[in-house]
>>> print(open('run_22.txt').read())   # compact mmCIF, C-alpha atoms and all ligand atoms
# COMPACT_ATOMS: atom_id res chain seq x y z
CA MET A 1 -40.09 -25.08 101.67
CA VAL A 2 -39.04 -22.76 98.92
CA LYS A 3 -35.31 -22.46 98.40
CA ILE A 4 -33.81 -19.26 97.09
CA ASN A 5 -30.87 -18.62 94.83
CA GLU A 6 -28.36 -18.21 97.67
CA HIS A 7 -26.09 -16.11 95.49
CA TYR A 8 -28.54 -13.24 95.89
CA THR A 9 -27.54 -13.04 99.54
CA GLU A 10 -23.96 -12.31 98.47
CA ILE A 11 -24.55 -9.18 96.41
CA GLY A 12 -25.80 -6.61 98.92
CA ASN A 13 -29.34 -5.35 99.21
CA ASN A 14 -29.31 -2.49 96.76
CA TYR A 15 -28.30 -2.02 93.17
CA LEU A 16 -25.90 0.97 93.03
CA PHE A 17 -28.28 3.47 91.46
CA ALA A 18 -31.10 2.36 93.74
CA GLU A 19 -28.87 3.04 96.74
CA VAL A 20 -27.94 6.49 95.43
CA ALA A 21 -31.63 7.25 94.81
CA ARG A 22 -32.53 6.07 98.33
CA ARG A 23 -29.97 8.40 99.93
CA VAL A 24 -31.11 11.34 97.81
CA ARG A 25 -34.76 10.67 98.69
CA GLU A 26 -33.86 10.62 102.36
CA TYR A 27 -31.93 13.88 102.05
CA LYS A 28 -34.83 15.58 100.25
CA GLU A 29 -37.25 14.43 102.92
CA ASN A 30 -35.03 15.98 105.57
CA TYR A 31 -34.34 19.18 103.61
CA PRO A 32 -37.40 19.78 101.40
CA ASP A 33 -36.41 23.40 100.68
CA LYS A 34 -33.00 22.65 99.22
CA LYS A 35 -32.56 22.41 95.47
CA VAL A 36 -30.72 19.19 94.72
CA ILE A 37 -28.96 18.91 91.37
CA SER A 38 -28.38 15.41 90.07
CA LEU A 39 -25.34 14.59 88.01
CA GLY A 40 -25.64 11.01 89.21
CA ILE A 41 -27.28 8.34 87.08
CA GLY A 42 -26.78 8.81 83.36
CA ASP A 43 -30.35 9.72 82.61
CA ILE A 44 -31.43 12.15 79.93
CA THR A 45 -32.80 15.64 80.51
CA GLN A 46 -33.29 16.83 76.93
CA PRO A 47 -36.50 16.11 75.02
CA ILE A 48 -36.61 13.25 72.56
CA VAL A 49 -35.95 14.63 69.07
CA PRO A 50 -38.86 15.59 66.75
CA ALA A 51 -38.11 12.91 64.13
CA VAL A 52 -38.56 10.20 66.76
CA ILE A 53 -41.63 11.81 68.30
CA GLU A 54 -43.30 12.10 64.87
CA ALA A 55 -42.61 8.44 64.11
CA VAL A 56 -43.97 7.42 67.49
CA HIS A 57 -47.15 9.47 66.94
CA LYS A 58 -47.64 7.97 63.50
CA ALA A 59 -47.15 4.44 64.83
CA THR A 60 -49.60 5.15 67.65
CA GLU A 61 -52.18 6.22 65.08
CA GLU A 62 -51.63 2.97 63.22
CA MET A 63 -52.49 1.14 66.40
CA SER A 64 -55.91 2.81 66.38
CA LYS A 65 -57.06 1.25 63.09
CA ALA A 66 -58.01 -2.33 62.37
CA GLU A 67 -56.06 -2.29 59.08
CA THR A 68 -52.80 -1.22 60.66
CA VAL A 69 -52.91 -2.36 64.28
CA ARG A 70 -49.98 -4.61 65.28
CA GLY A 71 -49.92 -7.33 67.87
CA TYR A 72 -46.87 -9.18 69.11
CA ALA A 73 -43.71 -7.81 67.57
CA PRO A 74 -41.26 -10.28 66.05
CA ASP A 75 -39.07 -11.63 68.87
CA PHE A 76 -35.89 -10.26 67.32
CA GLY A 77 -37.10 -6.97 65.84
CA TYR A 78 -39.01 -5.70 62.80
CA ASP A 79 -37.15 -5.85 59.49
CA PHE A 80 -37.49 -2.07 59.05
CA LEU A 81 -35.42 -1.46 62.18
CA VAL A 82 -32.96 -4.31 61.70
CA ASN A 83 -32.21 -3.12 58.17
CA ALA A 84 -31.72 0.46 59.32
CA ILE A 85 -29.31 -0.77 62.02
CA LEU A 86 -27.35 -2.92 59.57
CA ARG A 87 -27.03 -0.11 57.07
CA HIS A 88 -26.18 2.73 59.39
CA ASP A 89 -24.30 1.18 62.29
CA PHE A 90 -22.35 -1.45 60.34
CA GLN A 91 -22.34 -1.30 56.51
CA GLU A 92 -21.27 2.35 56.61
CA ARG A 93 -18.28 1.26 58.69
CA GLY A 94 -17.44 -1.56 56.30
CA ILE A 95 -18.85 -4.28 58.56
CA HIS A 96 -21.05 -6.94 57.04
CA LEU A 97 -23.60 -8.57 59.30
CA GLU A 98 -26.72 -10.58 58.45
CA PRO A 99 -30.21 -9.53 59.63
CA ASP A 100 -30.48 -12.61 61.84
CA GLU A 101 -27.36 -11.60 63.71
CA ILE A 102 -29.18 -8.57 65.15
CA PHE A 103 -31.50 -8.99 68.14
CA VAL A 104 -33.59 -5.90 68.94
CA SER A 105 -34.40 -5.67 72.63
CA ASP A 106 -35.59 -3.34 75.36
CA GLY A 107 -32.07 -2.14 76.09
CA ALA A 108 -28.50 -3.04 76.86
CA LYS A 109 -29.07 -3.41 80.60
CA SER A 110 -31.36 -6.39 80.10
CA ASP A 111 -29.18 -7.97 77.45
CA THR A 112 -25.86 -7.58 79.27
CA GLY A 113 -27.58 -9.06 82.32
CA ASN A 114 -29.46 -11.84 80.51
CA ILE A 115 -26.66 -13.06 78.27
CA GLY A 116 -25.42 -15.19 81.18
CA ASP A 117 -28.49 -17.42 80.66
CA ILE A 118 -26.77 -19.13 77.74
CA LEU A 119 -23.38 -19.47 79.47
CA SER A 120 -22.33 -22.04 82.04
CA PRO A 121 -21.91 -21.00 85.69
CA ASP A 122 -18.48 -22.69 85.41
CA ASN A 123 -17.05 -19.98 83.18
CA TYR A 124 -14.18 -17.93 84.58
CA ILE A 125 -15.15 -14.28 84.11
CA ALA A 126 -12.90 -11.26 83.67
CA ILE A 127 -14.44 -7.82 84.20
CA THR A 128 -12.71 -4.47 84.00
CA ASP A 129 -12.83 -2.66 87.32
CA PRO A 130 -14.56 -0.22 87.87
CA ALA A 131 -17.50 -1.33 85.72
CA TYR A 132 -21.21 -0.92 85.07
CA PRO A 133 -22.52 -2.89 88.06
CA VAL A 134 -24.75 -5.17 85.99
CA TYR A 135 -21.78 -7.28 84.85
CA VAL A 136 -20.51 -8.15 88.32
CA ASP A 137 -23.92 -8.40 89.99
CA THR A 138 -25.42 -10.75 87.40
CA ASN A 139 -22.37 -13.01 87.39
CA LYS A 140 -22.46 -13.17 91.17
CA MET A 141 -26.16 -14.04 90.95
CA SER A 142 -25.10 -17.07 88.92
CA GLY A 143 -22.23 -17.92 91.27
CA ARG A 144 -19.50 -17.46 88.68
CA GLU A 145 -15.89 -16.86 89.61
CA ILE A 146 -14.82 -13.34 88.68
CA GLU A 147 -11.41 -11.76 88.22
CA LEU A 148 -11.43 -7.98 88.25
CA LEU A 149 -9.05 -6.19 85.90
CA PRO A 150 -8.10 -2.86 87.51
CA CYS A 151 -8.34 0.23 85.34
CA THR A 152 -6.72 3.16 87.10
CA PRO A 153 -4.48 6.12 86.27
CA ASP A 154 -1.52 3.76 86.89
CA ASN A 155 -2.28 1.80 83.73
CA ASN A 156 -3.94 4.69 81.90
CA PHE A 157 -7.24 2.83 82.31
CA VAL A 158 -6.06 0.11 79.91
CA PRO A 159 -6.74 -3.28 81.50
CA SER A 160 -4.08 -6.00 81.57
CA PHE A 161 -4.95 -9.55 80.64
CA PRO A 162 -6.34 -11.66 83.50
CA LYS A 163 -3.96 -13.74 85.62
CA LYS A 164 -5.92 -16.86 84.83
CA THR A 165 -7.23 -17.45 81.32
CA ALA A 166 -10.71 -16.00 81.12
CA ASP A 167 -13.56 -17.76 79.36
CA VAL A 168 -15.62 -14.59 79.21
CA ILE A 169 -14.40 -10.99 79.20
CA TYR A 170 -16.55 -7.90 79.68
CA LEU A 171 -15.32 -4.76 77.94
CA CYS A 172 -17.28 -1.50 77.83
CA TYR A 173 -15.88 1.21 75.54
CA PRO A 174 -16.29 4.16 75.63
CA ASN A 175 -16.20 3.20 79.25
CA ASN A 176 -18.83 3.61 81.87
CA PRO A 177 -17.92 4.85 84.48
CA THR A 178 -14.43 6.23 83.68
CA GLY A 179 -15.25 7.80 80.32
CA THR A 180 -11.99 6.42 78.92
CA VAL A 181 -11.52 4.62 75.59
CA LEU A 182 -9.39 1.97 73.90
CA THR A 183 -7.76 2.64 70.55
CA LYS A 184 -8.12 0.14 67.72
CA ASP A 185 -4.69 -1.32 68.52
CA GLN A 186 -5.55 -1.70 72.19
CA LEU A 187 -8.85 -3.40 71.42
CA LYS A 188 -7.16 -5.63 68.83
CA LYS A 189 -4.97 -7.06 71.60
CA TRP A 190 -8.13 -8.24 73.37
CA VAL A 191 -9.60 -9.72 70.21
CA ASP A 192 -6.32 -11.57 69.59
CA TYR A 193 -6.31 -12.76 73.20
CA ALA A 194 -9.86 -14.09 72.81
CA ILE A 195 -9.02 -15.84 69.53
CA GLU A 196 -5.94 -17.46 71.07
CA ASN A 197 -7.72 -18.56 74.25
CA GLN A 198 -11.15 -19.34 72.75
CA SER A 199 -12.68 -16.74 75.05
CA LEU A 200 -15.86 -14.77 74.48
CA ILE A 201 -15.79 -10.96 74.65
CA LEU A 202 -18.99 -9.24 75.75
CA PHE A 203 -18.52 -5.78 74.29
CA ASP A 204 -20.80 -3.06 75.60
CA ALA A 205 -20.82 -0.20 73.09
CA ALA A 206 -23.73 1.73 74.62
CA TYR A 207 -21.77 5.00 74.43
CA GLU A 208 -20.30 4.74 70.92
CA ALA A 209 -22.30 7.74 69.68
CA PHE A 210 -20.25 9.99 71.98
CA ILE A 211 -16.91 9.18 70.35
CA SER A 212 -15.33 12.36 69.01
CA GLU A 213 -11.76 11.27 68.26
CA ASP A 214 -10.41 9.25 65.34
CA ASP A 215 -8.93 5.80 65.81
CA ILE A 216 -11.46 4.87 68.49
CA PRO A 217 -13.51 1.88 67.37
CA HIS A 218 -17.29 2.35 67.35
CA SER A 219 -17.84 -1.37 67.03
CA ILE A 220 -15.64 -4.29 68.04
CA TYR A 221 -16.32 -5.75 64.59
CA GLU A 222 -14.01 -3.11 63.16
CA ILE A 223 -11.27 -5.40 64.47
CA PRO A 224 -10.45 -8.36 62.20
CA GLY A 225 -11.53 -11.69 63.64
CA ALA A 226 -13.91 -10.15 66.21
CA LYS A 227 -16.97 -11.85 64.74
CA LYS A 228 -15.53 -15.17 65.90
CA VAL A 229 -15.16 -14.05 69.52
CA ALA A 230 -17.44 -11.13 70.39
CA ILE A 231 -21.03 -10.26 71.18
CA GLU A 232 -21.79 -6.53 71.00
CA PHE A 233 -24.46 -4.61 72.91
CA ARG A 234 -25.92 -1.35 71.67
CA SER A 235 -28.44 1.01 73.18
CA PHE A 236 -30.73 3.79 72.03
CA SER A 237 -30.88 5.11 75.60
CA LYS A 238 -27.98 7.52 75.52
CA THR A 239 -27.69 7.80 71.73
CA ALA A 240 -31.26 9.01 71.24
CA GLY A 241 -32.75 9.59 74.68
CA PHE A 242 -34.57 6.25 74.97
CA THR A 243 -33.94 5.69 78.69
CA GLY A 244 -37.69 5.84 79.28
CA MET A 245 -38.73 4.40 75.91
CA ARG A 246 -36.51 1.29 76.09
CA ALA A 247 -34.77 0.01 72.99
CA GLY A 248 -31.40 -1.50 72.23
CA TYR A 249 -29.98 -4.40 70.32
CA THR A 250 -27.43 -7.14 70.61
CA VAL A 251 -25.26 -8.55 67.86
CA VAL A 252 -24.53 -12.27 68.04
CA PRO A 253 -22.57 -13.25 64.93
CA LYS A 254 -23.19 -16.70 63.51
CA GLU A 255 -19.44 -17.31 63.42
CA LEU A 256 -19.43 -17.42 67.22
CA ILE A 257 -19.10 -21.03 68.21
CA ALA A 258 -18.85 -22.43 71.73
CA LYS A 259 -18.48 -25.99 72.95
CA THR A 260 -20.87 -28.17 74.92
CA SER A 261 -19.42 -30.10 77.86
CA LYS A 262 -19.22 -33.09 75.50
CA GLY A 263 -17.05 -31.05 73.16
CA GLU A 264 -19.68 -30.53 70.45
CA SER A 265 -19.68 -27.19 68.68
CA ILE A 266 -22.73 -25.03 69.18
CA SER A 267 -23.77 -21.65 67.81
CA LEU A 268 -24.27 -18.88 70.38
CA ASN A 269 -26.53 -17.16 67.87
CA ALA A 270 -28.85 -20.19 67.94
CA LEU A 271 -28.79 -20.28 71.74
CA TRP A 272 -29.59 -16.57 72.09
CA LYS A 273 -32.41 -16.98 69.55
CA ARG A 274 -33.78 -19.82 71.66
CA ARG A 275 -33.43 -17.78 74.85
CA GLN A 276 -35.03 -14.62 73.48
CA SER A 277 -37.93 -16.37 71.77
CA THR A 278 -38.70 -18.12 75.06
CA LYS A 279 -38.28 -15.29 77.54
CA PHE A 280 -38.78 -12.10 75.53
CA ASN A 281 -41.80 -10.98 73.52
CA GLY A 282 -40.28 -8.26 71.42
CA THR A 283 -39.85 -4.50 71.70
CA ALA A 284 -43.07 -2.50 71.21
CA TYR A 285 -43.86 -1.62 67.57
CA ILE A 286 -44.30 2.06 68.44
CA ILE A 287 -40.87 2.19 70.04
CA GLN A 288 -39.22 0.37 67.15
CA ARG A 289 -40.69 2.93 64.73
CA GLY A 290 -39.20 5.62 66.97
CA ALA A 291 -35.83 3.87 66.87
CA GLU A 292 -36.02 3.55 63.09
CA ALA A 293 -36.48 7.33 62.85
CA VAL A 294 -33.13 7.81 64.61
CA TYR A 295 -31.49 6.59 61.39
CA THR A 296 -33.21 9.02 59.02
CA PRO A 297 -31.13 12.02 57.89
CA GLU A 298 -33.33 14.30 60.01
CA GLY A 299 -33.09 11.99 63.00
CA GLN A 300 -29.31 11.81 62.68
CA LYS A 301 -28.98 15.57 62.52
CA GLN A 302 -31.25 16.05 65.50
CA ILE A 303 -29.64 13.45 67.78
CA LYS A 304 -26.20 14.82 66.93
CA LYS A 305 -27.31 18.20 68.24
CA VAL A 306 -28.43 16.67 71.52
CA ILE A 307 -25.21 14.67 71.86
CA ASP A 308 -23.20 17.85 71.20
CA TYR A 309 -25.23 19.58 73.91
CA TYR A 310 -24.39 16.87 76.44
CA MET A 311 -20.75 16.85 75.40
CA GLU A 312 -20.58 20.59 75.93
CA ASN A 313 -21.76 19.88 79.47
CA ALA A 314 -18.96 17.33 79.73
CA ARG A 315 -16.45 19.97 78.65
CA ILE A 316 -17.82 22.47 81.19
CA ILE A 317 -17.64 19.96 84.03
CA LYS A 318 -14.19 18.69 83.12
CA GLU A 319 -12.64 22.12 82.62
CA SER A 320 -14.16 23.45 85.81
CA LEU A 321 -12.91 20.54 87.87
CA ASP A 322 -9.49 20.79 86.23
CA SER A 323 -9.36 24.48 87.14
CA MET A 324 -9.92 23.47 90.77
CA GLN A 325 -6.81 21.27 90.52
CA LEU A 326 -8.90 18.13 90.63
CA LYS A 327 -7.65 15.29 88.49
CA THR A 328 -10.21 14.33 85.85
CA TYR A 329 -10.43 11.56 83.25
CA GLY A 330 -12.86 10.83 80.42
CA GLY A 331 -15.40 13.34 79.21
CA ILE A 332 -13.96 13.56 75.67
CA ASN A 333 -15.42 10.48 73.99
CA ALA A 334 -18.00 9.68 76.65
CA PRO A 335 -20.59 11.58 78.67
CA TYR A 336 -18.92 10.72 81.98
CA ILE A 337 -16.23 12.56 83.91
CA TRP A 338 -14.26 10.47 86.35
CA VAL A 339 -12.57 12.50 89.04
CA LYS A 340 -10.16 11.74 91.86
CA THR A 341 -11.78 12.76 95.13
CA PRO A 342 -10.05 15.62 96.96
CA ASP A 343 -8.21 15.32 100.28
CA GLY A 344 -8.13 11.53 100.21
CA MET A 345 -11.88 11.28 100.79
CA SER A 346 -13.46 7.92 100.08
CA SER A 347 -16.00 7.86 97.26
CA TRP A 348 -18.99 7.72 99.63
CA GLU A 349 -17.50 10.41 101.88
CA PHE A 350 -17.27 12.69 98.88
CA PHE A 351 -20.84 11.76 97.91
CA ASP A 352 -22.11 12.77 101.36
CA PHE A 353 -19.94 15.88 101.40
CA LEU A 354 -21.26 17.13 98.03
CA LEU A 355 -24.85 16.32 98.92
CA ASP A 356 -24.70 17.91 102.38
CA LYS A 357 -22.70 20.99 101.51
CA ALA A 358 -23.70 21.73 97.92
CA GLN A 359 -26.79 19.59 97.23
CA ILE A 360 -25.10 17.92 94.30
CA VAL A 361 -25.49 14.26 93.48
CA GLY A 362 -22.86 12.25 91.67
CA THR A 363 -22.06 8.56 91.69
CA PRO A 364 -19.44 7.20 94.10
CA GLY A 365 -16.67 5.44 92.20
CA SER A 366 -16.47 2.59 94.67
CA GLY A 367 -20.02 1.64 93.71
CA PHE A 368 -18.57 0.53 90.37
CA GLY A 369 -15.96 -1.72 91.97
CA GLU A 370 -12.97 -1.65 94.28
CA SER A 371 -10.68 0.14 91.80
CA GLY A 372 -13.23 2.95 91.80
CA GLU A 373 -12.58 3.73 95.45
CA GLY A 374 -11.34 7.30 95.82
CA PHE A 375 -13.01 8.35 92.58
CA PHE A 376 -16.34 9.94 91.71
CA ARG A 377 -18.41 10.05 88.53
CA PHE A 378 -20.27 13.05 87.14
CA THR A 379 -22.61 12.70 84.20
CA ALA A 380 -22.97 15.18 81.38
CA PHE A 381 -26.67 14.40 80.93
CA GLY A 382 -27.90 17.32 83.05
CA ASN A 383 -29.42 20.40 81.53
CA ARG A 384 -27.08 23.33 80.92
CA GLU A 385 -28.45 25.53 83.67
CA ASN A 386 -28.07 22.86 86.34
CA THR A 387 -24.66 21.84 85.08
CA LEU A 388 -23.41 25.43 85.29
CA GLU A 389 -24.95 25.87 88.70
CA ALA A 390 -23.44 22.59 89.90
CA VAL A 391 -19.91 23.54 88.90
CA GLU A 392 -20.34 26.97 90.52
CA ARG A 393 -21.45 25.33 93.75
CA ILE A 394 -18.47 22.95 93.65
CA LYS A 395 -16.13 25.90 93.02
CA THR A 396 -17.56 27.72 96.01
CA LEU A 397 -17.22 24.62 98.12
CA LEU A 398 -13.73 23.58 97.10
CA GLY A 399 -12.28 26.92 96.04
CA GLU A 400 -10.80 27.61 92.63
C1 LIG B 1 -25.38 4.88 84.43
O1 LIG B 1 -25.61 5.94 85.01
O2 LIG B 1 -24.34 4.23 84.60
C2 LIG B 1 -26.41 4.38 83.49
O3 LIG B 1 -27.34 5.33 83.24
C3 LIG B 1 -27.09 3.23 84.04
C4 LIG B 1 -27.75 2.46 82.95
O4 LIG B 1 -27.54 2.72 81.76
O5 LIG B 1 -28.48 1.55 83.31
>>> encode(input="run_22.txt", output="structure tokens")
Amino acid sequence: MVKINEHYTEIGNNYLFAEVARRVREYKENYPDKKVISLGIGDITQPIVPAVIEAVHKATEEMSKAETVRGYAPDFGYDFLVNAILRHDFQERGIHLEPDEIFVSDGAKSDTGNIGDILSPDNYIAITDPAYPVYVDTNKMSGREIELLPCTPDNNFVPSFPKKTADVIYLCYPNNPTGTVLTKDQLKKWVDYAIENQSLILFDAAYEAFISEDDIPHSIYEIPGAKKVAIEFRSFSKTAGFTGMRAGYTVVPKELIAKTSKGESISLNALWKRRQSTKFNGTAYIIQRGAEAVYTPEGQKQIKKVIDYYMENARIIKESLDSMQLKTYGGINAPYIWVKTPDGMSSWEFFDFLLDKAQIVGTPGSGFGESGEGFFRFTAFGNRENTLEAVERIKTLLGE
């Protein structure tokens, strides 16, 4: 008889955002006349910028002609995109990486989840708490031991080192869900920790395009020594509206060396190459041309406008909640506002309360981990009209 991966029985039936979607669907079925506003999952509402759309159209045309049609994409990305990434995301920040250290993919969710394929189930894992649920769920699926590193107002959302030396550390900055950041000095402490303890940092930088303040690293490779200890994940989803198009990339520097159980040194870059070429068939050509267009001067100007639009939403949400005497965090360098729930409500109680009384959807903090209990996350990815209406409804509900 077939045997399952028993670890799947330990992680609950529903992925966080699937559970939120299920409850919202149920509510809408019961109250079809009510207008529900979603500030829940961080999904885009603004159109994809013209530079990207033009590139996608052009690439689609190429697919219609025998001379220019493309079949399988290279497993790790077309040179045109890899070179644009290297130039714009790294060289301009003084970081030198080689083309074969970049792995273009269908997004950071897959890569942050799949990276565990090349790591032993015996690794001791440290994950900041609250966190993007993929990190905890996928490590539980593999049966790994996890230590959560609380990030709360008590420590200014700066995690302390784990109690037991961690083999692998997940850091996401700007942070999802709290919207908080680490300065260069704060991140350097983690890089130094990893160098000293031969740990691997999995650095999720999906939200770097939203950084507005100086001294906040956009890439972990801005920190000396990081290439020896860190893998970085990037995404076009939030940067350029690719949530439905699917593109991201992962950086696995060749300096990153791990040990086999026999003590032999092995390159993580080589292992990830082996993994991707076996299990992944490349990101669609059309989509990669769209991603390339993000890096053109026009593309850059256009995506900046959209990011500014979302960050204006963030300002509106944050200031409105602040004016209601709610305690908010984030929302300055990230499109998420993390708020303490009022009147000691649990995260899910507040979720139900907002949905029932004001038809507003957010994400319950406890869904991101135990340190998220008593908090709630709003996203800035709504459209302006809905965002303004949502804060008005909350004001009416909670009073100024
Ligand atoms: C979120 O809302 O946390 C993100 O949109 C989820 C994701 O990027 O997969």
>>> closest_atom_pairs(input="run_22.txt", of="chain A", to="ligand LIG 1 (chain B)", cutoff="6 Å", atoms="all atoms listed in the file", output="Markdown table")
| residue | atom | partner | partner_atom | distance |
| --- | --- | --- | --- | --- |
| A:Ile41 | CA | B:LIG1 | O1 | 3.6 |
| A:Gly42 | CA | B:LIG1 | O1 | 3.5 |
| A:Asp43 | CA | B:LIG1 | O3 | 5.4 |
| A:Lys109 | CA | B:LIG1 | O5 | 5.7 |
>>> residues_around(input="run_22.txt", residues="stretch 341-348 of chain A", least_positions_apart="2", cutoff="6 Å", atoms="only C-alpha atoms", output="PyMOL selection string")
chain A and resi 350-351+364-366+373-376
>>> closest_residue(input="run_22.txt", among="A:Pro50, A:Gly399, A:Pro335, A:Gly367", to="A:Thr379", atoms="all atoms listed in the file")
A:Pro335
>>> residues_around(input="run_22.txt", residues="A:Ile201", least_positions_apart="4", cutoff="9 Å", atoms="only C-alpha atoms", output="list in words")
Asp167, Val168, Ile169, Tyr170, Leu171, Trp190, Val191, Ala194, Ala226, Val229, Ala230, Ile231 and Glu232 of chain A
>>> closest_atom_pairs(input="run_22.txt", of="stretch 9-64 of chain A", to="stretch 285-298 of chain A", cutoff="6 Å", atoms="all atoms listed in the file", output="Markdown table")
| residue | atom | partner | partner_atom | distance |
| --- | --- | --- | --- | --- |
| A:Ala51 | CA | A:Ala293 | CA | 6.0 |
| A:Val52 | CA | A:Gly290 | CA | 4.6 |
| A:Ala55 | CA | A:Gly290 | CA | 5.3 |
| A:Val56 | CA | A:Gly290 | CA | 5.1 |
| A:Ala59 | CA | A:Ile286 | CA | 5.2 |
>>> atom_distance(input="run_22.txt", atom1="atom CA of A:Val82", atom2="atom CA of A:Val104")
7.4 Å
>>> atom_distance(input="run_22.txt", atom1="atom CA of A:Ala206", atom2="atom CA of A:Thr60")
27.0 Å
>>> residues_around(input="run_22.txt", residues="stretch 91-99 of chain A", least_positions_apart="4", cutoff="8 Å", atoms="all atoms listed in the file", output="PDB file with C-alpha atoms, keeping the file's coordinate frame")
ATOM      1  CA  ASP A  79     -37.150  -5.850  59.490  1.00  0.00           C
ATOM      2  CA  VAL A  82     -32.960  -4.310  61.700  1.00  0.00           C
ATOM      3  CA  ASN A  83     -32.210  -3.120  58.170  1.00  0.00           C
ATOM      4  CA  LEU A  86     -27.350  -2.920  59.570  1.00  0.00           C
ATOM      5  CA  ARG A  87     -27.030  -0.110  57.070  1.00  0.00           C
ATOM      6  CA  TYR A 221     -16.320  -5.750  64.590  1.00  0.00           C
ATOM      7  CA  GLU A 222     -14.010  -3.110  63.160  1.00  0.00           C
ATOM      8  CA  PRO A 253     -22.570 -13.250  64.930  1.00  0.00           C
TER       9      PRO A 253
END
>>> closest_residue(input="run_22.txt", among="A:Lys184, A:Arg144, A:Arg384, A:Lys259", to="A:Glu312", atoms="only C-alpha atoms")
A:Arg384
>>> atom_distance(input="run_22.txt", atom1="atom CA of A:Gly369", atom2="atom CA of A:Ala166")
18.7 Å
>>> closest_residue(input="run_22.txt", among="A:Asp308, A:Glu319, A:Glu101, A:Glu264", to="A:Lys227", atoms="only C-alpha atoms")
A:Glu101
>>> residues_around(input="run_22.txt", residues="stretch 23-32 of chain A", least_positions_apart="3", cutoff="9 Å", atoms="all atoms listed in the file", output="ChimeraX atom specification")
/A:18-20,35-36,355-356,361
>>> closest_residue(input="run_22.txt", among="A:Gln300, A:Ser110, A:Gln186, A:Ser199", to="A:Asn123", atoms="all atoms listed in the file")
A:Ser199
>>> closest_residue(input="run_22.txt", among="A:Ile102, A:Met141, A:Ile223, A:Ala358", to="A:Thr250", atoms="all atoms listed in the file")
A:Ile102
>>> closest_residue(input="run_22.txt", among="A:Ser219, A:Thr260, A:Thr239, A:Ser105", to="A:Phe280", atoms="only C-alpha atoms")
A:Ser105
>>> residues_around(input="run_22.txt", residues="A:Ser320", least_positions_apart="6", cutoff="12 Å", atoms="only C-alpha atoms", output="VMD selection string")
chain A and resid 313 to 314 326 to 328 337 339 387 to 396 398 to 400
>>> write_last_selection(input="run_22.txt", atoms="C-alpha atoms", output="short mmCIF file (atom, residue, chain, number, x, y, z; two decimals), in the frame of the given file")
data_model
loop_
_atom_site.label_atom_id
_atom_site.label_comp_id
_atom_site.auth_asym_id
_atom_site.auth_seq_id
_atom_site.Cartn_x
_atom_site.Cartn_y
_atom_site.Cartn_z
CA ASN A 313 -21.76 19.88 79.47
CA ALA A 314 -18.96 17.33 79.73
CA LEU A 326 -8.90 18.13 90.63
CA LYS A 327 -7.65 15.29 88.49
CA THR A 328 -10.21 14.33 85.85
CA ILE A 337 -16.23 12.56 83.91
CA VAL A 339 -12.57 12.50 89.04
CA THR A 387 -24.66 21.84 85.08
CA LEU A 388 -23.41 25.43 85.29
CA GLU A 389 -24.95 25.87 88.70
CA ALA A 390 -23.44 22.59 89.90
CA VAL A 391 -19.91 23.54 88.90
CA GLU A 392 -20.34 26.97 90.52
CA ARG A 393 -21.45 25.33 93.75
CA ILE A 394 -18.47 22.95 93.65
CA LYS A 395 -16.13 25.90 93.02
CA THR A 396 -17.56 27.72 96.01
CA LEU A 398 -13.73 23.58 97.10
CA GLY A 399 -12.28 26.92 96.04
CA GLU A 400 -10.80 27.61 92.63
#
>>> closest_atom_pairs(input="run_22.txt", of="stretch 157-186 of chain A", to="stretch 212-215 of chain A", cutoff="12 Å", atoms="only C-alpha atoms", output="Markdown table")
| residue | atom | partner | partner_atom | distance |
| --- | --- | --- | --- | --- |
| A:Pro174 | CA | A:Ser212 | CA | 10.6 |
| A:Thr180 | CA | A:Glu213 | CA | 11.7 |
| A:Val181 | CA | A:Glu213 | CA | 9.9 |
| A:Leu182 | CA | A:Asp215 | CA | 9.0 |
| A:Thr183 | CA | A:Asp215 | CA | 5.8 |
| A:Lys184 | CA | A:Asp215 | CA | 6.0 |
| A:Asp185 | CA | A:Asp215 | CA | 8.7 |
| A:Gln186 | CA | A:Asp215 | CA | 10.4 |
>>> decode(input="run_22.txt", residues="stretch 365-371 of chain A", atoms="N, CA and C atoms", output="short mmCIF file (atom, residue, chain, number, x, y, z; two decimals), in the first residue's frame")
data_model
loop_
_atom_site.label_atom_id
_atom_site.label_comp_id
_atom_site.auth_asym_id
_atom_site.auth_seq_id
_atom_site.Cartn_x
_atom_site.Cartn_y
_atom_site.Cartn_z
N GLY A 365 -2.33 37.79 11.97
CA GLY A 365 -0.91 37.66 12.28
C GLY A 365 -0.52 36.26 12.74
N SER A 366 -1.41 35.61 13.46
CA SER A 366 -1.05 34.29 13.99
C SER A 366 -0.87 33.26 12.87
N GLY A 367 -1.42 33.56 11.69
CA GLY A 367 -1.21 32.66 10.55
C GLY A 367 0.24 32.64 10.10
N PHE A 368 1.01 33.66 10.52
CA PHE A 368 2.43 33.72 10.15
C PHE A 368 3.32 33.15 11.24
N GLY A 369 2.70 32.66 12.32
CA GLY A 369 3.51 32.09 13.40
C GLY A 369 3.05 32.59 14.75
N GLU A 370 3.51 31.91 15.80
CA GLU A 370 2.96 32.20 17.13
C GLU A 370 3.24 33.62 17.61
N SER A 371 4.38 34.19 17.21
CA SER A 371 4.67 35.57 17.63
C SER A 371 3.79 36.58 16.90
#
